[in-house]
>>> print(open('model.tsv').read())   # TSV, C-alpha atoms
chain	number	residue	atom	x	y	z
G	1	MET	CA	19.29	-13.45	30.05
G	2	GLN	CA	16.89	-12.50	27.25
G	3	LEU	CA	15.64	-9.09	26.17
G	4	GLN	CA	12.08	-10.32	26.53
G	5	GLN	CA	12.73	-11.20	30.17
G	6	LEU	CA	14.14	-7.73	30.80
G	7	ARG	CA	11.11	-6.11	29.16
G	8	TYR	CA	8.76	-8.12	31.38
G	9	PHE	CA	10.85	-7.26	34.43
G	10	THR	CA	10.76	-3.50	33.73
G	11	ALA	CA	7.02	-3.69	33.03
G	12	VAL	CA	6.37	-5.19	36.47
G	13	ALA	CA	8.75	-2.65	38.03
G	14	ASP	CA	6.82	0.19	36.37
G	15	THR	CA	3.30	-1.05	37.14
G	16	ARG	CA	4.07	-2.86	40.43
G	17	HIS	CA	1.49	-5.40	39.28
G	18	PHE	CA	1.95	-8.65	37.34
G	19	THR	CA	-1.45	-8.61	35.65
G	20	ARG	CA	-1.18	-4.97	34.49
G	21	ALA	CA	2.36	-5.63	33.30
G	22	ALA	CA	1.14	-8.60	31.27
G	23	GLU	CA	-1.59	-6.46	29.73
G	24	ARG	CA	0.95	-3.79	28.83
G	25	GLU	CA	3.19	-6.36	27.17
G	26	HIS	CA	0.27	-8.13	25.48
G	27	VAL	CA	1.12	-11.49	27.00
G	28	ALA	CA	-0.69	-13.90	29.30
G	29	GLN	CA	0.06	-13.25	32.96
G	30	PRO	CA	1.28	-16.84	33.70
G	31	SER	CA	3.77	-16.59	30.81
G	32	LEU	CA	5.11	-13.28	32.13
G	33	SER	CA	5.45	-14.67	35.65
G	34	GLN	CA	7.23	-17.76	34.33
G	35	GLN	CA	9.75	-15.64	32.39
G	36	ILE	CA	10.54	-13.54	35.45
G	37	ARG	CA	10.96	-16.68	37.58
G	38	SER	CA	13.37	-18.00	34.96
G	39	LEU	CA	15.30	-14.72	35.07
G	40	GLU	CA	15.50	-14.89	38.86
G	41	ARG	CA	16.83	-18.47	38.73
G	42	GLU	CA	19.46	-17.43	36.20
G	43	LEU	CA	20.55	-14.47	38.34
G	44	GLY	CA	20.33	-16.41	41.59
G	45	ALA	CA	18.26	-13.75	43.34
G	46	GLU	CA	14.64	-12.73	43.73
G	47	LEU	CA	13.80	-9.47	42.03
G	48	PHE	CA	10.45	-8.69	43.67
G	49	HIS	CA	8.89	-8.94	47.09
G	50	ARG	CA	5.57	-10.56	46.31
G	51	ALA	CA	2.83	-9.70	48.76
G	52	ARG	CA	-0.87	-9.83	47.89
G	53	GLY	CA	-1.70	-6.56	46.19
G	54	HIS	CA	1.73	-5.11	46.91
G	55	ILE	CA	4.76	-5.71	44.63
G	56	THR	CA	8.07	-4.04	45.44
G	57	LEU	CA	11.63	-4.41	44.19
G	58	THR	CA	14.21	-6.28	46.21
G	59	ASP	CA	17.73	-4.91	46.52
G	60	ALA	CA	18.68	-7.15	43.58
G	61	GLY	CA	15.74	-5.75	41.60
G	62	GLU	CA	16.75	-2.18	42.40
G	63	THR	CA	20.26	-2.97	41.15
G	64	LEU	CA	19.03	-4.60	37.95
G	65	LEU	CA	16.42	-2.00	36.98
G	66	PRO	CA	18.70	0.80	35.65
G	67	LEU	CA	20.90	-1.77	33.94
G	68	ALA	CA	17.86	-3.39	32.32
G	69	ARG	CA	16.59	-0.03	31.10
G	70	ARG	CA	19.99	0.76	29.60
G	71	ILE	CA	20.21	-2.64	27.88
G	72	LEU	CA	16.73	-2.27	26.42
G	73	ALA	CA	17.45	1.28	25.27
G	74	ASP	CA	20.69	0.16	23.62
G	75	ALA	CA	18.86	-2.70	21.94
G	76	GLU	CA	16.21	-0.31	20.61
G	77	THR	CA	18.91	2.06	19.35
G	78	ALA	CA	20.64	-0.83	17.60
G	79	ARG	CA	17.35	-1.92	16.04
G	80	ARG	CA	16.64	1.57	14.73
G	81	GLU	CA	20.16	2.06	13.38
G	82	VAL	CA	20.11	-1.27	11.54
G	83	GLN	CA	16.66	-0.53	10.14
G	84	GLU	CA	17.81	2.86	8.95
G	85	VAL	CA	20.82	1.30	7.23
G	86	ALA	CA	18.45	-1.16	5.60
G	87	GLN	CA	16.19	1.72	4.56
G	88	LEU	CA	19.09	3.19	2.62
G	89	ARG	CA	19.49	-0.06	0.71
G	90	ARG	CA	15.84	-0.04	-0.24
G	91	GLY	CA	12.76	2.07	0.39
G	92	ARG	CA	11.60	5.44	-0.88
G	93	LEU	CA	12.24	9.14	-0.43
G	94	ARG	CA	9.52	11.69	-1.17
G	95	LEU	CA	10.93	15.11	-2.07
G	96	GLY	CA	9.02	18.24	-2.94
G	97	ALA	CA	10.48	21.26	-4.74
G	98	PRO	CA	9.33	24.23	-6.83
G	99	PRO	CA	9.64	23.64	-10.60
G	100	SER	CA	12.42	26.22	-10.84
G	101	LEU	CA	14.59	24.14	-8.50
G	102	CYS	CA	13.59	20.92	-10.28
G	103	ALA	CA	15.01	22.54	-13.41
G	104	SER	CA	18.31	23.53	-11.79
G	105	LEU	CA	19.49	22.29	-8.40
G	106	VAL	CA	17.47	19.12	-7.83
G	107	PRO	CA	18.68	16.94	-10.74
G	108	ASP	CA	22.35	17.21	-9.74
G	109	VAL	CA	21.60	16.49	-6.09
G	110	LEU	CA	19.38	13.50	-6.88
G	111	ARG	CA	22.02	12.11	-9.23
G	112	ALA	CA	24.56	12.19	-6.39
G	113	PHE	CA	22.07	10.64	-3.96
G	114	HIS	CA	21.12	7.87	-6.40
G	115	ALA	CA	24.77	7.05	-7.05
G	116	THR	CA	25.25	6.46	-3.32
G	117	TYR	CA	21.88	4.86	-2.52
G	118	PRO	CA	20.63	3.23	-5.73
G	119	GLY	CA	18.07	1.08	-3.88
G	120	VAL	CA	16.05	4.05	-2.65
G	121	ASP	CA	13.15	4.99	-4.92
G	122	LEU	CA	12.97	8.75	-5.48
G	123	ILE	CA	9.53	10.37	-5.76
G	124	VAL	CA	9.58	14.07	-6.67
G	125	THR	CA	6.62	16.43	-6.38
G	126	GLU	CA	6.81	19.77	-8.23
G	127	ASP	CA	4.64	22.51	-6.77
G	128	GLY	CA	4.63	25.95	-5.23
G	129	SER	CA	5.97	26.41	-1.72
G	130	GLN	CA	2.56	26.82	-0.07
G	131	ASP	CA	1.29	23.58	-1.63
G	132	LEU	CA	4.49	21.79	-0.61
G	133	VAL	CA	4.04	22.99	2.97
G	134	ARG	CA	0.55	21.51	3.03
G	135	ALA	CA	1.87	18.23	1.62
G	136	LEU	CA	4.52	18.11	4.36
G	137	ALA	CA	1.93	18.75	7.05
G	138	ASP	CA	-0.26	15.96	5.64
G	139	GLY	CA	2.64	13.49	5.70
G	140	GLU	CA	2.78	13.22	1.91
G	141	LEU	CA	6.42	14.35	1.71
G	142	ASP	CA	9.55	13.53	3.71
G	143	LEU	CA	11.45	16.67	2.75
G	144	ALA	CA	10.82	19.79	0.70
G	145	LEU	CA	12.75	22.68	-0.75
G	146	ILE	CA	10.69	25.82	-0.33
G	147	ILE	CA	11.00	29.55	-0.82
G	148	THR	CA	11.00	31.46	2.46
G	149	PRO	CA	9.69	33.39	4.22
G	150	LEU	CA	6.26	31.92	3.68
G	151	PRO	CA	3.33	34.35	3.40
G	152	VAL	CA	1.48	32.26	6.01
G	153	GLN	CA	3.26	31.06	9.14
G	154	ALA	CA	3.79	27.30	9.32
G	155	PRO	CA	4.69	26.55	12.97
G	156	ALA	CA	4.67	22.76	12.48
G	157	LEU	CA	7.66	22.94	10.13
G	158	ALA	CA	11.37	22.90	10.83
G	159	THR	CA	13.23	24.93	8.20
G	160	SER	CA	16.89	25.66	7.50
G	161	GLU	CA	18.11	28.26	5.02
G	162	LEU	CA	20.18	26.75	2.20
G	163	LEU	CA	21.08	29.65	-0.06
G	164	ARG	CA	20.14	33.08	-1.32
G	165	GLU	CA	19.77	32.91	-5.08
G	166	GLU	CA	19.98	35.97	-7.31
G	167	LEU	CA	17.02	36.69	-9.59
G	168	VAL	CA	17.76	37.88	-13.13
G	169	VAL	CA	15.89	38.80	-16.31
G	170	VAL	CA	16.06	36.47	-19.30
G	171	SER	CA	15.23	37.54	-22.84
G	172	ALA	CA	15.59	36.14	-26.35
G	173	PRO	CA	19.23	36.19	-27.51
G	174	ASP	CA	18.28	37.88	-30.79
G	175	ARG	CA	16.42	40.73	-29.09
G	176	PRO	CA	17.87	43.85	-27.42
G	177	ALA	CA	18.61	43.61	-23.71
G	178	PRO	CA	15.84	44.97	-21.44
G	179	GLY	CA	16.31	48.68	-20.85
G	180	GLY	CA	19.00	48.71	-23.52
G	181	ARG	CA	21.61	47.58	-20.97
G	182	ALA	CA	23.26	44.19	-20.52
G	183	VAL	CA	23.70	44.68	-16.78
G	184	GLY	CA	22.35	46.81	-13.98
G	185	ILE	CA	18.71	47.31	-14.94
G	186	GLY	CA	16.12	48.30	-12.37
G	187	VAL	CA	12.68	46.88	-11.78
G	188	GLU	CA	11.26	50.08	-13.28
G	189	ASP	CA	12.79	49.01	-16.62
G	190	LEU	CA	10.13	46.31	-16.75
G	191	ARG	CA	7.35	48.94	-16.86
G	192	GLY	CA	5.30	48.38	-20.02
G	193	ARG	CA	7.56	45.55	-21.15
G	194	PRO	CA	5.73	42.32	-22.04
G	195	LEU	CA	6.38	39.60	-19.49
G	196	ALA	CA	6.06	35.86	-19.95
G	197	MET	CA	4.46	35.01	-16.63
G	198	PHE	CA	4.17	31.81	-14.64
G	199	ARG	CA	0.89	30.28	-13.54
G	200	ARG	CA	-0.83	31.37	-10.36
G	201	GLY	CA	0.66	29.85	-7.22
G	202	TYR	CA	4.21	30.07	-8.61
G	203	ASP	CA	6.58	31.77	-6.15
G	204	LEU	CA	8.27	33.68	-8.99
G	205	ARG	CA	4.94	35.09	-10.18
G	206	GLU	CA	4.20	36.46	-6.72
G	207	PHE	CA	7.72	37.88	-6.34
G	208	THR	CA	7.75	39.57	-9.75
G	209	THR	CA	4.29	41.07	-9.31
G	210	ALA	CA	5.15	42.36	-5.83
G	211	ALA	CA	8.42	43.92	-7.05
G	212	CYS	CA	6.67	45.72	-9.91
G	213	ARG	CA	3.94	47.04	-7.63
G	214	ALA	CA	6.58	48.21	-5.13
G	215	ALA	CA	8.14	50.17	-8.03
G	216	GLY	CA	4.77	51.82	-8.70
G	217	PHE	CA	3.31	49.96	-11.68
G	218	GLU	CA	1.36	46.87	-12.64
G	219	PRO	CA	3.27	44.30	-14.74
G	220	THR	CA	2.19	43.69	-18.34
G	221	PHE	CA	1.64	40.02	-19.17
G	222	THR	CA	1.86	39.02	-22.81
G	223	VAL	CA	1.43	35.32	-22.03
G	224	GLU	CA	0.85	33.63	-18.70
G	225	GLY	CA	-0.01	30.33	-17.08
G	226	GLY	CA	3.08	28.29	-17.89
G	227	GLU	CA	5.48	26.10	-15.94
G	228	MET	CA	9.22	26.86	-16.01
G	229	ASP	CA	10.01	25.10	-19.31
G	230	ALA	CA	7.02	26.71	-21.00
G	231	VAL	CA	7.93	30.21	-19.81
G	232	LEU	CA	11.52	29.81	-21.01
G	233	GLY	CA	10.12	28.65	-24.35
G	234	PHE	CA	7.88	31.73	-24.55
G	235	VAL	CA	10.89	33.96	-23.87
G	236	ARG	CA	12.96	32.11	-26.47
G	237	ALA	CA	10.19	32.71	-28.99
G	238	GLY	CA	10.34	36.45	-28.30
G	239	LEU	CA	6.96	36.66	-26.57
G	240	GLY	CA	8.37	38.56	-23.60
G	241	VAL	CA	11.00	38.58	-20.87
G	242	ALA	CA	10.84	36.77	-17.53
G	243	VAL	CA	12.32	37.05	-14.06
G	244	VAL	CA	13.92	33.73	-13.15
G	245	PRO	CA	16.53	32.38	-10.69
G	246	SER	CA	20.14	32.63	-11.81
G	247	MET	CA	20.69	28.84	-11.70
G	248	VAL	CA	17.86	28.40	-14.22
G	249	ALA	CA	19.08	31.30	-16.35
G	250	GLU	CA	22.58	29.86	-16.63
G	251	ARG	CA	21.20	26.69	-18.25
G	252	SER	CA	18.60	28.36	-20.45
G	253	GLY	CA	20.71	29.60	-23.36
G	254	LEU	CA	18.86	32.93	-23.13
G	255	ARG	CA	20.25	36.44	-22.72
G	256	VAL	CA	20.77	37.12	-19.01
G	257	THR	CA	20.49	40.63	-17.55
G	258	ARG	CA	21.17	41.28	-13.88
G	259	PHE	CA	19.30	43.72	-11.67
G	260	SER	CA	20.97	46.66	-10.01
G	261	THR	CA	18.15	46.77	-7.45
G	262	PRO	CA	19.25	45.45	-4.02
G	263	GLY	CA	17.27	42.54	-2.68
G	264	MET	CA	16.39	40.92	-6.02
G	265	HIS	CA	16.99	37.43	-4.73
G	266	ARG	CA	15.06	34.59	-3.18
G	267	VAL	CA	15.80	32.44	-0.12
G	268	VAL	CA	15.73	28.69	-0.62
G	269	SER	CA	15.21	26.61	2.53
G	270	VAL	CA	14.88	22.91	3.29
G	271	ALA	CA	11.87	21.91	5.38
G	272	HIS	CA	10.42	18.91	7.14
G	273	ARG	CA	7.76	18.35	9.77
G	274	GLY	CA	8.81	19.72	13.12
G	275	ASP	CA	6.98	17.15	15.22
G	276	VAL	CA	8.70	14.06	13.82
G	277	SER	CA	12.27	13.28	12.88
G	278	PRO	CA	12.74	12.89	9.11
G	279	PRO	CA	13.74	9.41	7.90
G	280	ARG	CA	17.39	8.55	7.46
G	281	ALA	CA	17.14	8.80	3.67
G	282	ALA	CA	15.84	12.37	3.97
G	283	ARG	CA	18.68	13.31	6.31
G	284	GLU	CA	21.19	11.84	3.88
G	285	LEU	CA	19.69	13.78	0.99
G	286	GLU	CA	19.95	16.98	3.03
G	287	ARG	CA	23.61	16.20	3.75
G	288	ILE	CA	24.34	15.62	0.06
G	289	LEU	CA	22.47	18.82	-0.78
G	290	MET	CA	24.62	20.84	1.62
G	291	GLU	CA	27.81	19.26	0.26
G	292	HIS	CA	26.73	20.07	-3.29
G	293	LEU	CA	26.10	23.70	-2.37
G	294	ASP	CA	29.40	23.97	-0.50
G	295	VAL	CA	31.27	22.74	-3.58
G	296	GLY	CA	29.29	24.99	-5.90
G	297	LEU	CA	29.88	28.07	-3.76
G	298	ALA	CA	33.55	27.34	-3.04
>>> encode(input="model.tsv", output="structure tokens")
Amino acid sequence: MQLQQLRYFTAVADTRHFTRAAEREHVAQPSLSQQIRSLERELGAELFHRARGHITLTDAGETLLPLARRILADAETARREVQEVAQLRRGRLRLGAPPSLCASLVPDVLRAFHATYPGVDLIVTEDGSQDLVRALADGELDLALIITPLPVQAPALATSELLREELVVVSAPDRPAPGGRAVGIGVEDLRGRPLAMFRRGYDLREFTTAACRAAGFEPTFTVEGGEMDAVLGFVRAGLGVAVVPSMVAERSGLRVTRFSTPGMHRVVSVAHRGDVSPPRAARELERILMEHLDVGLA
């Protein structure tokens, strides 16, 4: 008994027509009929009542049909599982993340993933969350780390919250702490203070600007338009202070000052398209990411 014979059998059972079944299976009708005859000889029973223009299952056919469907489904599952294992030996994984996460969380996670699956090529796209969402929707990414909630609803995405990361102020180590305090400053302490600001489209730019406006003032930019490394360099040079995630601040070598204001944090989520299942490599990366966070937060 061959899988091909079972596929042809279920096709005839579904269409109740040999010619339409052959068309569905992209095979010549005589070849399909011959394979089913061979299956019947092997089983020792006819599977169909063949009347002109009217094909029905025999009792033997009725008995075989659910078994055939189960065998074909199991075969397809086996094929997918083996292919997915093979994909983890070779292939590619396209990950998107904001630059701030590429400077903190992502390198450690990708190092762990690469150690386990060295045959998978890793392609990383750095961009703001809104651009990453568009790239996911267009099929250009398999997985993305984004900052939520998004200002525009993205119903085609499936998202899961990963962590809530504290935002802090970084300043040059040789300069006084913002507000004259090492801890517990408020957003209002940034009033009139020069800020090194990220380029437009950066999640941190939008967050910082919104927080200042909520406190009743417009932020003062002394230099703007940079990526994460550039902004940290501007701060190090004494050109201003910046609001950055705590994971970035810890690695920066800059003076770190925490906010006393509640809610000065951002939510990092993992996202993929909601209408298709992410590839096995993407699911494995998400698993490693969760394990990394569990260890880091333990």
>>> atom_distance(input="model.tsv", atom1="atom CA of G:Phe198", atom2="atom CA of G:Leu141")
24.0 Å
>>> closest_residue(input="model.tsv", among="G:Ser269, G:Thr63, G:Gln34, G:Thr58", to="G:Ala144", atoms="only C-alpha atoms")
G:Ser269
>>> atom_distance(input="model.tsv", atom1="atom CA of G:Gln5", atom2="atom CA of G:Gln83")
23.0 Å
>>> closest_residue(input="model.tsv", among="G:Met197, G:Leu110, G:Ala73, G:Leu101", to="G:Glu126", atoms="only C-alpha atoms")
G:Leu101
>>> closest_residue(input="model.tsv", among="G:Leu143, G:Val270, G:Ala97, G:Leu6", to="G:Thr159", atoms="all atoms listed in the file")
G:Val270
>>> residues_around(input="model.tsv", residues="G:Val12", least_positions_apart="2", cutoff="10 Å", atoms="all atoms listed in the file", output="list in words")
Leu6, Arg7, Tyr8, Phe9, Thr10, Asp14, Thr15, Arg16, His17, Phe18, Thr19, Arg20, Ala21, Ala22, Arg24, Glu25, Leu32, Ser33, Ile36, Phe48, Ile55, Thr56 and Leu57 of chain G
>>> write_last_selection(input="model.tsv", atoms="C-alpha atoms", output="tab-separated table (two decimals), in the coordinates of the input")
chain	number	residue	atom	x	y	z
G	6	LEU	CA	14.14	-7.73	30.80
G	7	ARG	CA	11.11	-6.11	29.16
G	8	TYR	CA	8.76	-8.12	31.38
G	9	PHE	CA	10.85	-7.26	34.43
G	10	THR	CA	10.76	-3.50	33.73
G	14	ASP	CA	6.82	0.19	36.37
G	15	THR	CA	3.30	-1.05	37.14
G	16	ARG	CA	4.07	-2.86	40.43
G	17	HIS	CA	1.49	-5.40	39.28
G	18	PHE	CA	1.95	-8.65	37.34
G	19	THR	CA	-1.45	-8.61	35.65
G	20	ARG	CA	-1.18	-4.97	34.49
G	21	ALA	CA	2.36	-5.63	33.30
G	22	ALA	CA	1.14	-8.60	31.27
G	24	ARG	CA	0.95	-3.79	28.83
G	25	GLU	CA	3.19	-6.36	27.17
G	32	LEU	CA	5.11	-13.28	32.13
G	33	SER	CA	5.45	-14.67	35.65
G	36	ILE	CA	10.54	-13.54	35.45
G	48	PHE	CA	10.45	-8.69	43.67
G	55	ILE	CA	4.76	-5.71	44.63
G	56	THR	CA	8.07	-4.04	45.44
G	57	LEU	CA	11.63	-4.41	44.19
>>> axis_aligned_box(input="model.tsv", around="stretch 239-248 of chain G", padding_each_side="3 Å", output="JSON")
{"center_x": 13.8, "center_y": 33.5, "center_z": -18.6, "size_x": 19.7, "size_y": 16.2, "size_z": 21.9}
